[in-house]
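The block underneath contains the structure these notes are about, expressed in structure tokens.
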Protein chains: 2
Amino acid sequence: MANPANPLEGVDTSNAPYVIVSSDTHAGLPVDGYRDYLESSVHAEFDEWLAGRHEHRRVTEEVNGEYIEEWEGQNAEGLRGAYDPEVRDKELDADGVAGEIIFADGDSVTGMESPPFGAGLSAGQITDPKLAFAGARAHNRWLEEFCATNPARRGGVALVPITQDVDESVREIESLAGKPGIKGIMIPTMWHDNPPYGGTHYDRVWAACAEAGLVVHTHSGEADFPSYSENVVQYVIEVPFWTHRALWQLMLSGKFDKFPGLKYSVVECGSHWIGDLLWKADQMFGSDGKVKKLSSRTKGLVEKLPSDYFGTNVFIGASAMAKEEIRRRHVNGIDALMWGTDYPHPEGSWPHTVSRLETDFQQVSIEDTRLLLGLNAIECYDLDIDGLTEIAARIGPTPEQLNQDPDLRTPPNAVRDARWWLEEYGIESKG
Amino acid sequence: MANPANPLEGVDTSNAPYVIVSSDTHAGLPVDGYRDYLESSVHAEFDEWLAGRHEHRRVTEEVNGEYIEEWEGQNAEGLRGAYDPEVRDKELDADGVAGEIIFADGDSVTGMESPPFGAGLSAGQITDPKLAFAGARAHNRWLEEFCATNPARRGGVALVPITQDVDESVREIESLAGKPGIKGIMIPTMWHDNPPYGGTHYDRVWAACAEAGLVVHTHSGEADFPSYSENVVQYVIEVPFWTHRALWQLMLSGKFDKFPGLKYSVVECGSHWIGDLLWKADQMFGSDGKVKKLSSRTKGLVEKLPSDYFGTNVFIGASAMAKEEIRRRHVNGIDALMWGTDYPHPEGSWPHTVSRLETDFQQVSIEDTRLLLGLNAIECYDLDIDGLTEIAARIGPTPEQLNQDPDLRTPPNAVRDARWWLEEYGIESKG
């Protein structure tokens with residue numbers, strides 16, 4: 001387990017295979033299959049929704065057919081791993097991945113493996129609470145079974161549409177507590193016209209998650225669609241903001257002080273934005289003078305420095321990090337960043353994870369690599385390290401395979417040096 | 001004038017005084033005084049609004065009285081420069097500032113110098129178009145007179161609430177065209193439930209501004225207030241996003257191709273976010289593979305690389321840059337960044353601008369400093385360089401005063417080297 005004071009201490013620097021945990025994978029049934037997991041009271045609505053899904057597929061093929069055909073043709077077998085555990089294990093093996101944290105929506109290209117009513121990555125857009133919860137519960141039932149196919153390997157993230165109903169959400173969280181394989185919940189990325197996450201409205205949700213040891217997630221998907229005028233680039237530029245916005249709602253309103261056991265991970269929205277967020281937030285709370293006219297209103301909001309919550313309460317499902325993000329690992333949080341392959345989505349590193357690691361981690365120390373590729377996720381989700389190590393012994397790439405220098409060590413002050421604002425503004429950690 | 005291919009070429013590296021232009025100052029009448037500039041048809045509504053303003057002052061004093069008393073007590077004379085041109089010139093002189101770009105809302109602490117109905121920094125929140133335009137026109141009438149008190153020195157930014165009515169906005173822009181002293185317009189930061197800026201709805205506005213040579217601005221102020229649960233820190237963290245959001249609405253929807261004369265500046269929301277925005281945007285348009293499944297939908301949206309628009313169409317009113325922002329000047333845009341004092345607001349460098357420059361620019365070359373402190377603004381706003389140089393000869397600090405090394409030169413590849421993604425992804429400028 002990581003040591004919060006020095007996460008690098010005691011990390012194995014030998015040539016033992018990496019225990020890789022993908023903090024961002026997806027799974028889901030082909031949409032029709034969810035019927036068996038759905039309460040019969042909403043079957044009529046489900047049939048209507050299904051028809052819409054198939055129509056959506058047809059339209060998407062019209063617009064982007066060439067790409068879809070290429071992607072699905074080249075990866076036909078591997079894509080079946082979205083719901084077939086045997087295929088999935090083969091794909092994870094080939095990618096060098098021992099363990100995985102599983103989100104909904106296996107098919108991000110045409111949406112044909114979405115939970116009923118879009119209760120996965122689009123949950124915030126559902127307007128009927130009955131359907132939102134029915135869809136979520138259907139996926140959660142299936143997910144529990146799916147994770148049980150390989151307990152050491154699979155950690156599932158259940159769906160809880162907390163914006164729809166707090167009481168119902170707390171009940172669902174309590175029923176998920178202690179279920180083997182369920183390691184966290186995903187909440188709607190956006191709260192729309194409902195109360196924001198930083199108020200007190202959802203405090204019983206955070207309390208229940210802290211109590212149950214379930215990590216809270218927002219995952220890239222939703223954004224302010226009406227503002228993009230059908231311009232997809234606007235979406236791509238903005239979607240990280242809409243995804244990680246929940247982070248400061250929770251962190252800067254003191255939720256991690258009120259619920260010290262609460263953990264939150266923001267998934268697939270990169271990590272490039274973290275350094276500047278921590279600079280600004282640490283400066284606001286750790287030094288006087290910047291927001292003079294506001295200083296009387298910041299007192300008592302949080303107990304620690306914002307950066308102190310990283311690696312204990314806040315984790316980053318950074319998915320397949322760009323080289324630049326790997327270079328920024330110390331400023332962003334060497335004890336918080338978690339690699340993810342995004343399998344079986346096309347945006348990620350699958351099915352070329354190992355060759356990507358061979359290229360991108362050459363200049364990274366073994367201890368840093370172990371944290372980013374697996375140990376941070378094991379810490380965040382309290383995973384079965386022995387079971388994962390056993391799998392990794394068979395399929396994990398070694399430091400030598402990643403072309404790494406066995407003598408390269410992370411300097412002891414790497415994090416403090418990278419977080420330049422601590423020295424420049426004379427800010428001390430309160431962690 | 002700057003050379004777009006190499007903005008550093010020909011920049012004076014002698015010890016001549018810096019021609020400093022503050023790209024972010026504020027001015028406004030004490031609220032009661034706007035009556036004389038306001039159409040009499042809205043005097044009744046004005047009286048009601050005035051009463052609310054005075055009540056707002058009272059409440060703000062209750063909450064933050066100690067700070068207000070200190071700020072207003074220590075700066076009583078200088079704060080009068082918000083509307084008194086003689087006082088103002090003395091303050092600019094003492095701050096070493098030759099020229100200025102003037103926005104509304106002189107008083108950011110208690111809002112007592114706001115244009116009628118909040119038509120300045122809060123324009124997006126006005127619900128009645130009649131009041132929005134009446135308030136804007138009142139301020140514009142006063143601003144024109146105010147700028148005429150020292151034409152070489154003052155460039156005014158008029159108010160045009162474009163979200164309220166496009167026809168009316170175009171008429172106002174056409175009436176502002178060619179008025180001495182008016183150099184740009186400020187539009188509402190947020191479009192709320194109106195059409196977003198990246199669609200075609202406002203194209204006649206952009207055309208009129210390009211034709212009139214008026215720079216379009218969004219300025220920090222508005223944000224998504226209902227989401228902050230009275231938590232001021234949420235506001236401070238988010239307000240840059242809400243301010244610079246208009247940038248990609250315009251840039252990534254091709255407005256600078258459709259209207260090549262259009263210029264846009266985003267003001268007082270820092271510059272720390274620019275490098276990563278340009279990385280992501282350049283990557284999206286300059287290299288294949290990142291957004292595979294979207295590539296068919298990005299073709300033809302823009303003609304150049306996003307970073308190519310910086311320094312020609314896009315400028316950054318970066319206000320009083322932090323040292324880190326100065327260090328990042330090459331990645332962010334050495335030909336686009338414009339220093340600003342934010343006079344007479346407390347967040348800026350006034351009344352200590354010169355001592356701040358003496359500390360913060362020691363490691364910066366003279367040519368870079370000239371661009372950041374004045375030449376970029378002169379280029380952006382087509383200011384009277386001779387008139388400004390005359391003022392600067394009297395009051396501008398010299399490189400020697402800023403403790404700069406006269407032999408320090410900017411390497412010729414500074415910008416390309418700083419924009420690491422161009423080399424790493426093999427992207428070529430299309431500028």
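In the structure tokens, each chain is lettered A, B, ... as it comes, each chain's residues begin at 1, and ligands are numbered from 1 in order of appearance.
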
Interface residues on chain A facing chain B, 6 Å, only C-alpha atoms, written as a list of chain:residue names: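 Within 6 Å of chain B on chain A, we get A:Pro196, A:Gly199, A:Ser227, A:Ser229.
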
Once you have the residues from the selection above, write them out as a compact mmCIF listing (two decimals), in the first residue's frame, restricted to C-alpha atoms.
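again27.txt, written as the output of this step:
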```txt
# COMPACT_ATOMS: atom_id res chain seq x y z
CA PRO A 196 -25.10 21.36 -7.60
CA GLY A 199 -24.20 22.16 -1.75
CA SER A 227 -24.02 25.40 -27.10
CA SER A 229 -24.13 24.39 -32.92
```

In stretch 319-421 of chain A, DSSP helix (DSSP H, G or I) residues written as a PyMOL selection string: chain A and resi 323-327+329-332+353-360+366-381+385-395+414-418+420-421

Shell around B:Asn15 at 10 Å using only C-alpha atoms, local window under 6 positions removed, as a VMD selection string: chain B and resid 366 397 to 401 404 406

Restrict the selected residues to N, CA and C atoms and save them as a short mmCIF file (atom, residue, chain, number, x, y, z; two decimals), in the first residue's frame.
```cif
data_model
loop_
_atom_site.label_atom_id
_atom_site.label_comp_id
_atom_site.auth_asym_id
_atom_site.auth_seq_id
_atom_site.Cartn_x
_atom_site.Cartn_y
_atom_site.Cartn_z
N ILE B 366 14.25 42.44 -23.52
CA ILE B 366 13.62 43.75 -23.77
C ILE B 366 12.57 43.65 -24.87
N PRO B 397 8.82 53.52 -17.53
CA PRO B 397 10.06 52.98 -16.96
C PRO B 397 10.97 52.44 -18.07
N THR B 398 12.26 52.50 -17.86
CA THR B 398 13.21 51.99 -18.86
C THR B 398 13.58 50.54 -18.52
N PRO B 399 14.13 49.83 -19.50
CA PRO B 399 14.65 48.48 -19.22
C PRO B 399 15.61 48.47 -18.03
N GLU B 400 16.44 49.49 -17.94
CA GLU B 400 17.38 49.56 -16.81
C GLU B 400 16.62 49.62 -15.49
N GLN B 401 15.55 50.41 -15.46
CA GLN B 401 14.75 50.51 -14.23
C GLN B 401 14.12 49.16 -13.87
N GLN B 404 16.71 44.85 -16.09
CA GLN B 404 16.85 43.85 -17.15
C GLN B 404 18.26 43.84 -17.73
N PRO B 406 20.57 44.05 -20.69
CA PRO B 406 20.43 44.57 -22.06
C PRO B 406 20.90 43.59 -23.12
#
```

For A:Leu373, the nearest of the candidates A:Ser22, A:Asn6, A:Ser429, A:Thr110, counting only C-alpha atoms: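 The answer is A:Ser22, which sits nearest to A:Leu373.
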
Nearest candidate to A:Leu38 (options A:Val11, A:Leu121, A:Ala138, A:Val157; using only C-alpha atoms):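 Checking each candidate against A:Leu38, we get A:Ala138 as the closest.
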